[in-house]
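K.L.:
What follows is a structure written as structure tokens; I'll ask about it next.
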Amino acid sequence: MNEAAKSLICIICPLGCPISAFEKGEDFFIEGYQCLKGRDYAYNELTNPVRMLTTTIPLEGSTQGSTSRRLAVRTSDPIPKHLIFSVMDVIRNLKVKVPVKRGQVLVSNILNTGIDVIASGEYD
Ligand code: SF4
């Protein structure tokens, strides 16, 4: 019997099925999923893992007491996992001032991914 190449927990629904993937030539044999969404999740996780990135940044010109308010931001779509730290470097250096509308594009096509960084909060 082959060694499991990777063990995963499917995060698509609350059942959290344990999934095992075995290398099979240049492909994978995947087992343990209970539906096709789980199989697709595992395949994508093995070949091109992506993540939604959510974080907060200081919001210039808006304070609450003596501290700056923070603006919730996120990527418009999941980004390749290997780019998360590079995207965070860009986000960390953003200078955003009030007013900010929910959904406002803060960085368009970040790192040529075709994905935007947008505000998920709103401040006047
Ligand atoms: S494999 Fe299907 S049933 Fe199992 S956790 Fe994933 S989505 Fe849910």
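Ordering of the structure tokens sets the chain letters (A, B, ...); residue numbers start at 1 within each chain; ligands are numbered from 1 in the order shown.
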Could I get the residue neighbourhood of ligand 1 at 7 Å, counting only C-alpha atoms and all ligand atoms, as a PyMOL selection string?

P.N.:
chain A and resi 10-17+33-39

K.L.:
Would you mind writing down, as an mmCIF file with all heavy atoms, in the first residue's frame, each residue of region 13-120 of chain A that DSSP on the backbone assigns to strand (DSSP E or B)?

P.N.:
data_model
loop_
_atom_site.group_PDB
_atom_site.id
_atom_site.type_symbol
_atom_site.label_atom_id
_atom_site.label_comp_id
_atom_site.auth_asym_id
_atom_site.auth_seq_id
_atom_site.Cartn_x
_atom_site.Cartn_y
_atom_site.Cartn_z
ATOM 1 N N PRO A 18 -12.304 13.803 6.539
ATOM 2 C CA PRO A 18 -10.862 13.586 6.386
ATOM 3 C C PRO A 18 -10.579 13.006 4.998
ATOM 4 O O PRO A 18 -11.218 12.033 4.587
ATOM 5 C CB PRO A 18 -10.537 12.583 7.497
ATOM 6 C CG PRO A 18 -11.826 11.905 7.803
ATOM 7 C CD PRO A 18 -12.940 12.833 7.423
ATOM 8 N N ILE A 19 -9.658 13.606 4.295
ATOM 9 C CA ILE A 19 -9.345 13.198 2.921
ATOM 10 C C ILE A 19 -7.876 12.811 2.845
ATOM 11 O O ILE A 19 -7.022 13.478 3.422
ATOM 12 C CB ILE A 19 -9.657 14.354 1.936
ATOM 13 C CG1 ILE A 19 -11.166 14.649 1.935
ATOM 14 C CG2 ILE A 19 -9.174 14.028 0.531
ATOM 15 C CD1 ILE A 19 -11.564 15.832 1.075
ATOM 16 N N SER A 20 -7.603 11.736 2.132
ATOM 17 C CA SER A 20 -6.222 11.303 1.891
ATOM 18 C C SER A 20 -5.953 11.368 0.402
ATOM 19 O O SER A 20 -6.828 11.040 -0.407
ATOM 20 C CB SER A 20 -6.008 9.872 2.386
ATOM 21 O OG SER A 20 -6.240 9.796 3.779
ATOM 22 N N ALA A 21 -4.746 11.794 0.059
ATOM 23 C CA ALA A 21 -4.379 11.866 -1.353
ATOM 24 C C ALA A 21 -3.072 11.119 -1.559
ATOM 25 O O ALA A 21 -2.135 11.257 -0.774
ATOM 26 C CB ALA A 21 -4.229 13.324 -1.774
ATOM 27 N N PHE A 22 -3.040 10.294 -2.578
ATOM 28 C CA PHE A 22 -1.857 9.513 -2.914
ATOM 29 C C PHE A 22 -1.386 9.915 -4.297
ATOM 30 O O PHE A 22 -2.209 10.082 -5.209
ATOM 31 C CB PHE A 22 -2.188 8.007 -2.917
ATOM 32 C CG PHE A 22 -2.772 7.522 -1.622
ATOM 33 C CD1 PHE A 22 -4.144 7.603 -1.388
ATOM 34 C CD2 PHE A 22 -1.952 6.987 -0.647
ATOM 35 C CE1 PHE A 22 -4.692 7.157 -0.192
ATOM 36 C CE2 PHE A 22 -2.495 6.537 0.548
ATOM 37 C CZ PHE A 22 -3.865 6.624 0.783
ATOM 38 N N GLU A 23 -0.088 10.074 -4.457
ATOM 39 C CA GLU A 23 0.429 10.382 -5.783
ATOM 40 C C GLU A 23 0.228 9.182 -6.691
ATOM 41 O O GLU A 23 0.441 8.036 -6.290
ATOM 42 C CB GLU A 23 1.917 10.724 -5.701
ATOM 43 C CG GLU A 23 2.155 12.089 -5.112
ATOM 44 C CD GLU A 23 3.616 12.481 -5.170
ATOM 45 O OE1 GLU A 23 4.298 12.109 -6.146
ATOM 46 O OE2 GLU A 23 4.059 13.138 -4.228
ATOM 47 N N LYS A 24 -0.208 9.480 -7.904
ATOM 48 C CA LYS A 24 -0.424 8.423 -8.881
ATOM 49 C C LYS A 24 0.105 8.951 -10.203
ATOM 50 O O LYS A 24 -0.605 9.663 -10.913
ATOM 51 C CB LYS A 24 -1.923 8.111 -8.967
ATOM 52 C CG LYS A 24 -2.278 6.918 -9.802
ATOM 53 C CD LYS A 24 -3.786 6.688 -9.747
ATOM 54 C CE LYS A 24 -4.189 5.537 -10.625
ATOM 55 N NZ LYS A 24 -5.651 5.424 -10.733
ATOM 56 N N ASP A 27 -0.625 12.537 -11.309
ATOM 57 C CA ASP A 27 -1.943 12.905 -10.795
ATOM 58 C C ASP A 27 -2.065 12.425 -9.355
ATOM 59 O O ASP A 27 -1.092 11.978 -8.751
ATOM 60 C CB ASP A 27 -3.033 12.269 -11.670
ATOM 61 C CG ASP A 27 -4.310 13.098 -11.677
ATOM 62 O OD1 ASP A 27 -4.438 13.998 -10.826
ATOM 63 O OD2 ASP A 27 -5.180 12.820 -12.519
ATOM 64 N N PHE A 28 -3.243 12.512 -8.795
ATOM 65 C CA PHE A 28 -3.478 12.077 -7.424
ATOM 66 C C PHE A 28 -4.663 11.128 -7.378
ATOM 67 O O PHE A 28 -5.623 11.265 -8.141
ATOM 68 C CB PHE A 28 -3.791 13.276 -6.524
ATOM 69 C CG PHE A 28 -2.644 14.226 -6.355
ATOM 70 C CD1 PHE A 28 -2.550 15.358 -7.150
ATOM 71 C CD2 PHE A 28 -1.660 13.979 -5.410
ATOM 72 C CE1 PHE A 28 -1.484 16.232 -6.998
ATOM 73 C CE2 PHE A 28 -0.595 14.850 -5.254
ATOM 74 C CZ PHE A 28 -0.515 15.985 -6.060
ATOM 75 N N PHE A 29 -4.577 10.158 -6.484
ATOM 76 C CA PHE A 29 -5.737 9.351 -6.138
ATOM 77 C C PHE A 29 -6.247 9.911 -4.827
ATOM 78 O O PHE A 29 -5.506 9.995 -3.839
ATOM 79 C CB PHE A 29 -5.368 7.874 -5.986
ATOM 80 C CG PHE A 29 -6.497 7.046 -5.481
ATOM 81 C CD1 PHE A 29 -7.578 6.736 -6.290
ATOM 82 C CD2 PHE A 29 -6.494 6.588 -4.166
ATOM 83 C CE1 PHE A 29 -8.633 5.983 -5.808
ATOM 84 C CE2 PHE A 29 -7.542 5.835 -3.673
ATOM 85 C CZ PHE A 29 -8.616 5.528 -4.499
ATOM 86 N N ILE A 30 -7.484 10.357 -4.822
ATOM 87 C CA ILE A 30 -8.040 11.048 -3.656
ATOM 88 C C ILE A 30 -9.189 10.227 -3.095
ATOM 89 O O ILE A 30 -10.067 9.785 -3.841
ATOM 90 C CB ILE A 30 -8.534 12.460 -4.067
ATOM 91 C CG1 ILE A 30 -7.359 13.285 -4.617
ATOM 92 C CG2 ILE A 30 -9.169 13.181 -2.878
ATOM 93 C CD1 ILE A 30 -7.769 14.593 -5.274
ATOM 94 N N GLU A 31 -9.189 10.035 -1.768
ATOM 95 C CA GLU A 31 -10.271 9.276 -1.137
ATOM 96 C C GLU A 31 -10.666 9.910 0.187
ATOM 97 O O GLU A 31 -9.927 10.702 0.762
ATOM 98 C CB GLU A 31 -9.847 7.817 -0.905
ATOM 99 C CG GLU A 31 -8.706 7.670 0.084
ATOM 100 C CD GLU A 31 -8.272 6.219 0.254
ATOM 101 O OE1 GLU A 31 -8.673 5.369 -0.555
ATOM 102 O OE2 GLU A 31 -7.523 5.955 1.211
ATOM 103 N N VAL A 50 -5.403 28.138 -2.709
ATOM 104 C CA VAL A 50 -5.727 29.568 -2.667
ATOM 105 C C VAL A 50 -6.384 29.875 -1.337
ATOM 106 O O VAL A 50 -6.948 28.986 -0.676
ATOM 107 C CB VAL A 50 -6.657 29.981 -3.836
ATOM 108 C CG1 VAL A 50 -5.954 29.846 -5.176
ATOM 109 C CG2 VAL A 50 -7.952 29.184 -3.817
ATOM 110 N N ARG A 51 -6.325 31.142 -0.952
ATOM 111 C CA ARG A 51 -6.935 31.588 0.294
ATOM 112 C C ARG A 51 -7.524 32.980 0.124
ATOM 113 O O ARG A 51 -6.913 33.816 -0.544
ATOM 114 C CB ARG A 51 -5.913 31.666 1.440
ATOM 115 C CG ARG A 51 -5.286 30.353 1.857
ATOM 116 C CD ARG A 51 -6.250 29.478 2.615
ATOM 117 N NE ARG A 51 -5.624 28.250 3.098
ATOM 118 C CZ ARG A 51 -5.458 27.151 2.389
ATOM 119 N NH1 ARG A 51 -5.864 27.093 1.133
ATOM 120 N NH2 ARG A 51 -4.884 26.089 2.920
ATOM 121 N N THR A 54 -7.937 38.330 4.538
ATOM 122 C CA THR A 54 -8.638 39.395 5.259
ATOM 123 C C THR A 54 -7.707 39.930 6.337
ATOM 124 O O THR A 54 -6.981 39.166 6.973
ATOM 125 C CB THR A 54 -9.936 38.899 5.920
ATOM 126 O OG1 THR A 54 -9.605 37.904 6.889
ATOM 127 C CG2 THR A 54 -10.902 38.311 4.907
ATOM 128 N N THR A 55 -7.717 41.247 6.500
ATOM 129 C CA THR A 55 -6.875 41.852 7.519
ATOM 130 C C THR A 55 -7.429 43.245 7.825
ATOM 131 O O THR A 55 -8.507 43.598 7.332
ATOM 132 C CB THR A 55 -5.403 41.909 7.046
ATOM 133 O OG1 THR A 55 -4.582 42.355 8.132
ATOM 134 C CG2 THR A 55 -5.225 42.821 5.859
ATOM 135 N N THR A 56 -6.720 43.989 8.641
ATOM 136 C CA THR A 56 -7.106 45.378 8.905
ATOM 137 C C THR A 56 -5.877 46.259 8.749
ATOM 138 O O THR A 56 -4.736 45.790 8.913
ATOM 139 C CB THR A 56 -7.677 45.566 10.328
ATOM 140 O OG1 THR A 56 -6.674 45.230 11.289
ATOM 141 C CG2 THR A 56 -8.922 44.727 10.549
ATOM 142 N N ILE A 57 -6.140 47.540 8.416
ATOM 143 C CA ILE A 57 -5.052 48.516 8.304
ATOM 144 C C ILE A 57 -5.489 49.787 9.038
ATOM 145 O O ILE A 57 -6.690 50.047 9.183
ATOM 146 C CB ILE A 57 -4.725 48.842 6.832
ATOM 147 C CG1 ILE A 57 -5.959 49.391 6.102
ATOM 148 C CG2 ILE A 57 -4.171 47.621 6.129
ATOM 149 C CD1 ILE A 57 -5.666 49.892 4.709
ATOM 150 N N PRO A 58 -4.511 50.595 9.486
ATOM 151 C CA PRO A 58 -4.885 51.857 10.129
ATOM 152 C C PRO A 58 -5.593 52.753 9.116
ATOM 153 O O PRO A 58 -5.232 52.769 7.938
ATOM 154 C CB PRO A 58 -3.549 52.472 10.549
ATOM 155 C CG PRO A 58 -2.552 51.388 10.448
ATOM 156 C CD PRO A 58 -3.060 50.404 9.452
ATOM 157 N N LEU A 59 -6.588 53.472 9.593
ATOM 158 C CA LEU A 59 -7.337 54.372 8.716
ATOM 159 C C LEU A 59 -6.933 55.799 9.050
ATOM 160 O O LEU A 59 -7.181 56.278 10.167
ATOM 161 C CB LEU A 59 -8.835 54.156 8.945
ATOM 162 C CG LEU A 59 -9.798 54.887 8.040
ATOM 163 C CD1 LEU A 59 -9.545 54.532 6.579
ATOM 164 C CD2 LEU A 59 -11.227 54.536 8.425
ATOM 165 N N GLU A 60 -6.291 56.456 8.103
ATOM 166 C CA GLU A 60 -5.792 57.812 8.350
ATOM 167 C C GLU A 60 -6.945 58.794 8.472
ATOM 168 O O GLU A 60 -7.930 58.704 7.741
ATOM 169 C CB GLU A 60 -4.853 58.238 7.224
ATOM 170 C CG GLU A 60 -3.589 57.421 7.189
ATOM 171 C CD GLU A 60 -2.572 57.973 6.202
ATOM 172 O OE1 GLU A 60 -2.917 58.848 5.397
ATOM 173 O OE2 GLU A 60 -1.427 57.502 6.256
ATOM 174 N N GLY A 61 -6.816 59.709 9.410
ATOM 175 C CA GLY A 61 -7.824 60.763 9.565
ATOM 176 C C GLY A 61 -9.055 60.322 10.320
ATOM 177 O O GLY A 61 -10.074 60.997 10.283
ATOM 178 N N SER A 62 -9.006 59.193 10.981
ATOM 179 C CA SER A 62 -10.155 58.716 11.739
ATOM 180 C C SER A 62 -9.674 58.106 13.049
ATOM 181 O O SER A 62 -8.943 57.119 13.040
ATOM 182 C CB SER A 62 -10.929 57.667 10.928
ATOM 183 O OG SER A 62 -12.026 57.189 11.676
ATOM 184 N N THR A 63 -10.046 58.738 14.135
ATOM 185 C CA THR A 63 -9.611 58.225 15.435
ATOM 186 C C THR A 63 -10.805 57.883 16.300
ATOM 187 O O THR A 63 -11.913 58.375 16.102
ATOM 188 C CB THR A 63 -8.735 59.256 16.181
ATOM 189 O OG1 THR A 63 -9.485 60.460 16.316
ATOM 190 C CG2 THR A 63 -7.443 59.517 15.452
ATOM 191 N N GLN A 64 -10.533 57.014 17.249
ATOM 192 C CA GLN A 64 -11.522 56.652 18.259
ATOM 193 C C GLN A 64 -10.795 56.803 19.584
ATOM 194 O O GLN A 64 -9.939 55.993 19.917
ATOM 195 C CB GLN A 64 -11.982 55.217 18.031
ATOM 196 C CG GLN A 64 -13.144 54.807 18.915
ATOM 197 C CD GLN A 64 -13.686 53.449 18.480
ATOM 198 O OE1 GLN A 64 -12.928 52.567 18.091
ATOM 199 N NE2 GLN A 64 -14.982 53.286 18.562
ATOM 200 N N THR A 67 -6.695 56.432 19.647
ATOM 201 C CA THR A 67 -6.138 55.460 18.699
ATOM 202 C C THR A 67 -6.811 55.589 17.334
ATOM 203 O O THR A 67 -7.978 55.980 17.227
ATOM 204 C CB THR A 67 -6.329 54.010 19.195
ATOM 205 O OG1 THR A 67 -7.724 53.795 19.415
ATOM 206 C CG2 THR A 67 -5.573 53.758 20.481
ATOM 207 N N SER A 68 -6.049 55.237 16.300
ATOM 208 C CA SER A 68 -6.590 55.262 14.948
ATOM 209 C C SER A 68 -7.595 54.126 14.770
ATOM 210 O O SER A 68 -7.386 53.028 15.278
ATOM 211 C CB SER A 68 -5.464 55.083 13.924
ATOM 212 O OG SER A 68 -4.637 56.189 13.902
ATOM 213 N N ARG A 69 -8.672 54.437 14.061
ATOM 214 C CA ARG A 69 -9.577 53.345 13.683
ATOM 215 C C ARG A 69 -8.858 52.453 12.686
ATOM 216 O O ARG A 69 -7.969 52.888 11.981
ATOM 217 C CB ARG A 69 -10.834 53.908 13.024
ATOM 218 C CG ARG A 69 -11.768 54.602 13.951
ATOM 219 C CD ARG A 69 -12.977 55.045 13.154
ATOM 220 N NE ARG A 69 -13.806 55.970 13.885
ATOM 221 C CZ ARG A 69 -14.845 55.608 14.614
ATOM 222 N NH1 ARG A 69 -15.207 54.351 14.688
ATOM 223 N NH2 ARG A 69 -15.555 56.517 15.247
ATOM 224 N N ARG A 70 -9.313 51.224 12.618
ATOM 225 C CA ARG A 70 -8.734 50.291 11.654
ATOM 226 C C ARG A 70 -9.812 49.929 10.637
ATOM 227 O O ARG A 70 -10.989 49.795 10.968
ATOM 228 C CB ARG A 70 -8.187 49.040 12.352
ATOM 229 C CG ARG A 70 -7.014 49.400 13.292
ATOM 230 C CD ARG A 70 -6.273 48.193 13.772
ATOM 231 N NE ARG A 70 -5.541 47.488 12.745
ATOM 232 C CZ ARG A 70 -4.307 47.813 12.339
ATOM 233 N NH1 ARG A 70 -3.699 48.860 12.832
ATOM 234 N NH2 ARG A 70 -3.705 47.088 11.423
ATOM 235 N N LEU A 71 -9.375 49.812 9.421
ATOM 236 C CA LEU A 71 -10.268 49.495 8.311
ATOM 237 C C LEU A 71 -10.112 48.019 7.948
ATOM 238 O O LEU A 71 -8.990 47.550 7.721
ATOM 239 C CB LEU A 71 -9.920 50.370 7.103
ATOM 240 C CG LEU A 71 -10.677 50.071 5.811
ATOM 241 C CD1 LEU A 71 -12.162 50.412 5.963
ATOM 242 C CD2 LEU A 71 -10.065 50.840 4.647
ATOM 243 N N ALA A 72 -11.217 47.304 7.906
ATOM 244 C CA ALA A 72 -11.184 45.903 7.462
ATOM 245 C C ALA A 72 -11.036 45.876 5.942
ATOM 246 O O ALA A 72 -11.749 46.587 5.227
ATOM 247 C CB ALA A 72 -12.461 45.188 7.884
ATOM 248 N N VAL A 73 -10.084 45.086 5.465
ATOM 249 C CA VAL A 73 -9.868 44.945 4.024
ATOM 250 C C VAL A 73 -9.790 43.453 3.685
ATOM 251 O O VAL A 73 -9.513 42.621 4.554
ATOM 252 C CB VAL A 73 -8.583 45.669 3.555
ATOM 253 C CG1 VAL A 73 -8.627 47.141 3.910
ATOM 254 C CG2 VAL A 73 -7.336 45.027 4.129
ATOM 255 N N ARG A 74 -10.029 43.155 2.422
ATOM 256 C CA ARG A 74 -9.931 41.757 1.987
ATOM 257 C C ARG A 74 -9.645 41.710 0.490
ATOM 258 O O ARG A 74 -9.817 42.712 -0.219
ATOM 259 C CB ARG A 74 -11.216 40.992 2.300
ATOM 260 C CG ARG A 74 -12.425 41.476 1.519
ATOM 261 C CD ARG A 74 -13.647 40.612 1.814
ATOM 262 N NE ARG A 74 -14.839 41.099 1.148
ATOM 263 C CZ ARG A 74 -15.188 40.778 -0.090
ATOM 264 N NH1 ARG A 74 -14.421 39.971 -0.804
ATOM 265 N NH2 ARG A 74 -16.289 41.265 -0.626
ATOM 266 N N THR A 75 -9.241 40.546 0.040
ATOM 267 C CA THR A 75 -9.087 40.364 -1.402
ATOM 268 C C THR A 75 -10.471 40.076 -1.992
ATOM 269 O O THR A 75 -11.340 39.511 -1.324
ATOM 270 C CB THR A 75 -8.122 39.208 -1.724
ATOM 271 O OG1 THR A 75 -8.530 38.036 -0.997
ATOM 272 C CG2 THR A 75 -6.704 39.561 -1.337
ATOM 273 N N ILE A 79 -6.606 34.279 -3.304
ATOM 274 C CA ILE A 79 -5.328 34.463 -3.995
ATOM 275 C C ILE A 79 -4.465 33.213 -3.803
ATOM 276 O O ILE A 79 -4.644 32.477 -2.840
ATOM 277 C CB ILE A 79 -4.563 35.695 -3.470
ATOM 278 C CG1 ILE A 79 -4.311 35.585 -1.959
ATOM 279 C CG2 ILE A 79 -5.301 36.979 -3.813
ATOM 280 C CD1 ILE A 79 -3.398 36.648 -1.415
ATOM 281 N N PRO A 80 -3.525 32.981 -4.721
ATOM 282 C CA PRO A 80 -2.631 31.833 -4.538
ATOM 283 C C PRO A 80 -1.927 31.931 -3.183
ATOM 284 O O PRO A 80 -1.419 32.989 -2.805
ATOM 285 C CB PRO A 80 -1.648 31.969 -5.702
ATOM 286 C CG PRO A 80 -2.412 32.717 -6.748
ATOM 287 C CD PRO A 80 -3.285 33.683 -5.985
ATOM 288 N N VAL A 96 -4.752 54.838 3.534
ATOM 289 C CA VAL A 96 -6.161 55.035 3.189
ATOM 290 C C VAL A 96 -6.762 56.058 4.137
ATOM 291 O O VAL A 96 -6.585 55.969 5.351
ATOM 292 C CB VAL A 96 -6.945 53.703 3.280
ATOM 293 C CG1 VAL A 96 -8.410 53.923 2.935
ATOM 294 C CG2 VAL A 96 -6.330 52.656 2.365
ATOM 295 N N LYS A 97 -7.447 57.049 3.547
ATOM 296 C CA LYS A 97 -8.069 58.108 4.343
ATOM 297 C C LYS A 97 -9.584 57.995 4.253
ATOM 298 O O LYS A 97 -10.117 57.481 3.270
ATOM 299 C CB LYS A 97 -7.645 59.484 3.818
ATOM 300 C CG LYS A 97 -6.168 59.775 3.977
ATOM 301 C CD LYS A 97 -5.836 61.154 3.444
ATOM 302 C CE LYS A 97 -4.355 61.446 3.650
ATOM 303 N NZ LYS A 97 -3.954 62.726 3.063
ATOM 304 N N VAL A 100 -14.319 56.180 3.285
ATOM 305 C CA VAL A 100 -14.115 54.911 2.571
ATOM 306 C C VAL A 100 -15.458 54.211 2.454
ATOM 307 O O VAL A 100 -16.198 54.109 3.430
ATOM 308 C CB VAL A 100 -13.139 53.988 3.334
ATOM 309 C CG1 VAL A 100 -12.923 52.699 2.574
ATOM 310 C CG2 VAL A 100 -11.819 54.679 3.575
ATOM 311 N N VAL A 105 -12.320 49.787 -4.176
ATOM 312 C CA VAL A 105 -11.070 49.142 -4.562
ATOM 313 C C VAL A 105 -9.902 49.968 -4.042
ATOM 314 O O VAL A 105 -9.777 51.155 -4.349
ATOM 315 C CB VAL A 105 -10.987 48.978 -6.098
ATOM 316 C CG1 VAL A 105 -9.621 48.418 -6.499
ATOM 317 C CG2 VAL A 105 -12.095 48.057 -6.589
ATOM 318 N N LEU A 106 -9.061 49.345 -3.246
ATOM 319 C CA LEU A 106 -7.898 50.016 -2.668
ATOM 320 C C LEU A 106 -6.640 49.720 -3.478
ATOM 321 O O LEU A 106 -5.753 50.552 -3.588
ATOM 322 C CB LEU A 106 -7.708 49.583 -1.214
ATOM 323 C CG LEU A 106 -8.943 49.758 -0.310
ATOM 324 C CD1 LEU A 106 -8.686 49.160 1.061
ATOM 325 C CD2 LEU A 106 -9.320 51.229 -0.207
ATOM 326 N N VAL A 107 -6.549 48.516 -4.014
ATOM 327 C CA VAL A 107 -5.457 48.132 -4.918
ATOM 328 C C VAL A 107 -6.086 47.295 -6.028
ATOM 329 O O VAL A 107 -6.706 46.270 -5.756
ATOM 330 C CB VAL A 107 -4.373 47.286 -4.207
ATOM 331 C CG1 VAL A 107 -3.240 46.963 -5.185
ATOM 332 C CG2 VAL A 107 -3.837 47.989 -2.980
ATOM 333 N N VAL A 117 -7.754 44.372 -3.979
ATOM 334 C CA VAL A 117 -7.895 44.491 -2.529
ATOM 335 C C VAL A 117 -8.969 45.539 -2.298
ATOM 336 O O VAL A 117 -8.890 46.647 -2.848
ATOM 337 C CB VAL A 117 -6.568 44.924 -1.864
ATOM 338 C CG1 VAL A 117 -6.780 45.178 -0.377
ATOM 339 C CG2 VAL A 117 -5.504 43.859 -2.073
ATOM 340 N N ILE A 118 -9.980 45.189 -1.527
ATOM 341 C CA ILE A 118 -11.126 46.087 -1.343
ATOM 342 C C ILE A 118 -11.400 46.324 0.148
ATOM 343 O O ILE A 118 -11.015 45.525 0.991
ATOM 344 C CB ILE A 118 -12.398 45.522 -2.031
ATOM 345 C CG1 ILE A 118 -12.797 44.193 -1.423
ATOM 346 C CG2 ILE A 118 -12.182 45.389 -3.529
ATOM 347 C CD1 ILE A 118 -14.108 43.645 -1.959
ATOM 348 N N ALA A 119 -12.076 47.438 0.396
ATOM 349 C CA ALA A 119 -12.498 47.747 1.766
ATOM 350 C C ALA A 119 -13.714 46.898 2.091
ATOM 351 O O ALA A 119 -14.645 46.800 1.297
ATOM 352 C CB ALA A 119 -12.837 49.228 1.878
#

K.L.:
Please return, as a CSV table (one decimal) with N, CA, C and O atoms, in the first residue's frame, all residues of chain A that DSSP assigns to helix (DSSP H, G or I) on the basis of the backbone.

P.N.:
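Result file follows (states.csv):
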chain,number,residue,atom,x,y,z
A,36,LEU,N,-18.5,15.6,-4.5
A,36,LEU,CA,-17.6,16.1,-5.5
A,36,LEU,C,-16.9,17.4,-5.1
A,36,LEU,O,-15.8,17.7,-5.5
A,37,LYS,N,-17.6,18.2,-4.3
A,37,LYS,CA,-17.0,19.5,-3.9
A,37,LYS,C,-15.8,19.2,-3.1
A,37,LYS,O,-14.8,19.9,-3.1
A,38,GLY,N,-15.8,18.1,-2.3
A,38,GLY,CA,-14.7,17.7,-1.4
A,38,GLY,C,-13.6,17.2,-2.3
A,38,GLY,O,-12.4,17.5,-2.0
A,39,ARG,N,-13.9,16.5,-3.3
A,39,ARG,CA,-12.8,16.0,-4.2
A,39,ARG,C,-12.1,17.2,-4.9
A,39,ARG,O,-10.9,17.2,-5.0
A,40,ASP,N,-13.0,18.1,-5.4
A,40,ASP,CA,-12.4,19.3,-6.1
A,40,ASP,C,-11.6,20.1,-5.1
A,40,ASP,O,-10.5,20.6,-5.5
A,41,TYR,N,-12.1,20.3,-3.9
A,41,TYR,CA,-11.3,21.0,-2.9
A,41,TYR,C,-9.9,20.4,-2.7
A,41,TYR,O,-8.9,21.1,-2.7
A,42,ALA,N,-9.9,19.1,-2.5
A,42,ALA,CA,-8.6,18.4,-2.3
A,42,ALA,C,-7.7,18.5,-3.5
A,42,ALA,O,-6.5,18.8,-3.3
A,43,TYR,N,-8.2,18.4,-4.6
A,43,TYR,CA,-7.4,18.5,-5.8
A,43,TYR,C,-6.8,19.9,-6.0
A,43,TYR,O,-5.6,20.0,-6.2
A,44,ASN,N,-7.6,20.9,-5.8
A,44,ASN,CA,-7.1,22.3,-5.8
A,44,ASN,C,-6.1,22.6,-4.7
A,44,ASN,O,-5.1,23.3,-4.9
A,45,GLU,N,-6.4,22.0,-3.6
A,45,GLU,CA,-5.5,22.2,-2.4
A,45,GLU,C,-4.1,21.6,-2.7
A,45,GLU,O,-3.1,22.1,-2.3
A,46,LEU,N,-4.1,20.5,-3.4
A,46,LEU,CA,-2.8,19.9,-3.8
A,46,LEU,C,-2.1,20.5,-5.0
A,46,LEU,O,-0.9,20.5,-5.0
A,47,THR,N,-2.9,21.1,-5.9
A,47,THR,CA,-2.2,21.6,-7.1
A,47,THR,C,-2.1,23.1,-7.1
A,47,THR,O,-1.2,23.6,-7.7
A,81,LYS,N,-1.9,30.8,-2.5
A,81,LYS,CA,-1.3,30.8,-1.1
A,81,LYS,C,0.1,31.3,-1.1
A,81,LYS,O,0.5,31.9,-0.1
A,82,HIS,N,0.9,31.0,-2.1
A,82,HIS,CA,2.3,31.4,-2.1
A,82,HIS,C,2.5,32.9,-2.2
A,82,HIS,O,3.6,33.4,-2.0
A,83,LEU,N,1.4,33.6,-2.6
A,83,LEU,CA,1.5,35.1,-2.7
A,83,LEU,C,1.0,35.8,-1.4
A,83,LEU,O,1.1,37.1,-1.4
A,84,ILE,N,0.6,35.1,-0.4
A,84,ILE,CA,0.0,35.8,0.7
A,84,ILE,C,0.9,36.8,1.4
A,84,ILE,O,0.6,37.9,1.6
A,85,PHE,N,2.2,36.4,1.6
A,85,PHE,CA,3.1,37.3,2.3
A,85,PHE,C,3.4,38.5,1.4
A,85,PHE,O,3.6,39.7,1.9
A,86,SER,N,3.5,38.3,0.1
A,86,SER,CA,3.8,39.4,-0.8
A,86,SER,C,2.6,40.4,-0.9
A,86,SER,O,2.8,41.6,-0.9
A,87,VAL,N,1.4,39.9,-0.9
A,87,VAL,CA,0.2,40.7,-0.9
A,87,VAL,C,0.1,41.5,0.4
A,87,VAL,O,-0.2,42.7,0.5
A,88,MET,N,0.5,40.8,1.5
A,88,MET,CA,0.4,41.5,2.8
A,88,MET,C,1.4,42.6,2.9
A,88,MET,O,1.2,43.7,3.5
A,89,ASP,N,2.6,42.5,2.2
A,89,ASP,CA,3.6,43.6,2.2
A,89,ASP,C,3.0,44.8,1.5
A,89,ASP,O,3.2,45.9,1.9
A,90,VAL,N,2.2,44.6,0.4
A,90,VAL,CA,1.6,45.7,-0.3
A,90,VAL,C,0.5,46.3,0.6
A,90,VAL,O,0.5,47.6,0.8
A,91,ILE,N,-0.3,45.5,1.2
A,91,ILE,CA,-1.4,46.0,2.0
A,91,ILE,C,-0.9,46.8,3.2
A,91,ILE,O,-1.4,47.8,3.6
A,92,ARG,N,0.2,46.3,3.8
A,92,ARG,CA,0.8,46.9,5.0
A,92,ARG,C,1.2,48.3,4.7
A,92,ARG,O,1.2,49.2,5.6
A,110,ILE,N,-3.8,43.3,-7.8
A,110,ILE,CA,-2.6,43.3,-7.0
A,110,ILE,C,-1.7,42.2,-7.5
A,110,ILE,O,-2.1,41.0,-7.8
A,111,LEU,N,-0.4,42.6,-7.6
A,111,LEU,CA,0.7,41.7,-8.1
A,111,LEU,C,0.3,40.9,-9.4
A,111,LEU,O,0.6,39.8,-9.6
A,112,ASN,N,-0.5,41.6,-10.2
A,112,ASN,CA,-0.9,41.0,-11.5
A,112,ASN,C,-1.7,39.7,-11.4
A,112,ASN,O,-1.6,38.9,-12.2

K.L.:
Point out the residue among A:Asn93, A:Gly32, A:Asn48, A:Glu26 with the least atom-to-atom distance to Leu8 (chain A), counting only C-alpha atoms.

P.N.:
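Result for the nearest residue to Leu8 (chain A): A:Gly32.
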
K.L.:
Could you tell me how far CA of Gly114 (chain A) sits from CA of Lys101 (chain A), in Å to one decimal place?

P.N.:
21.0 Å
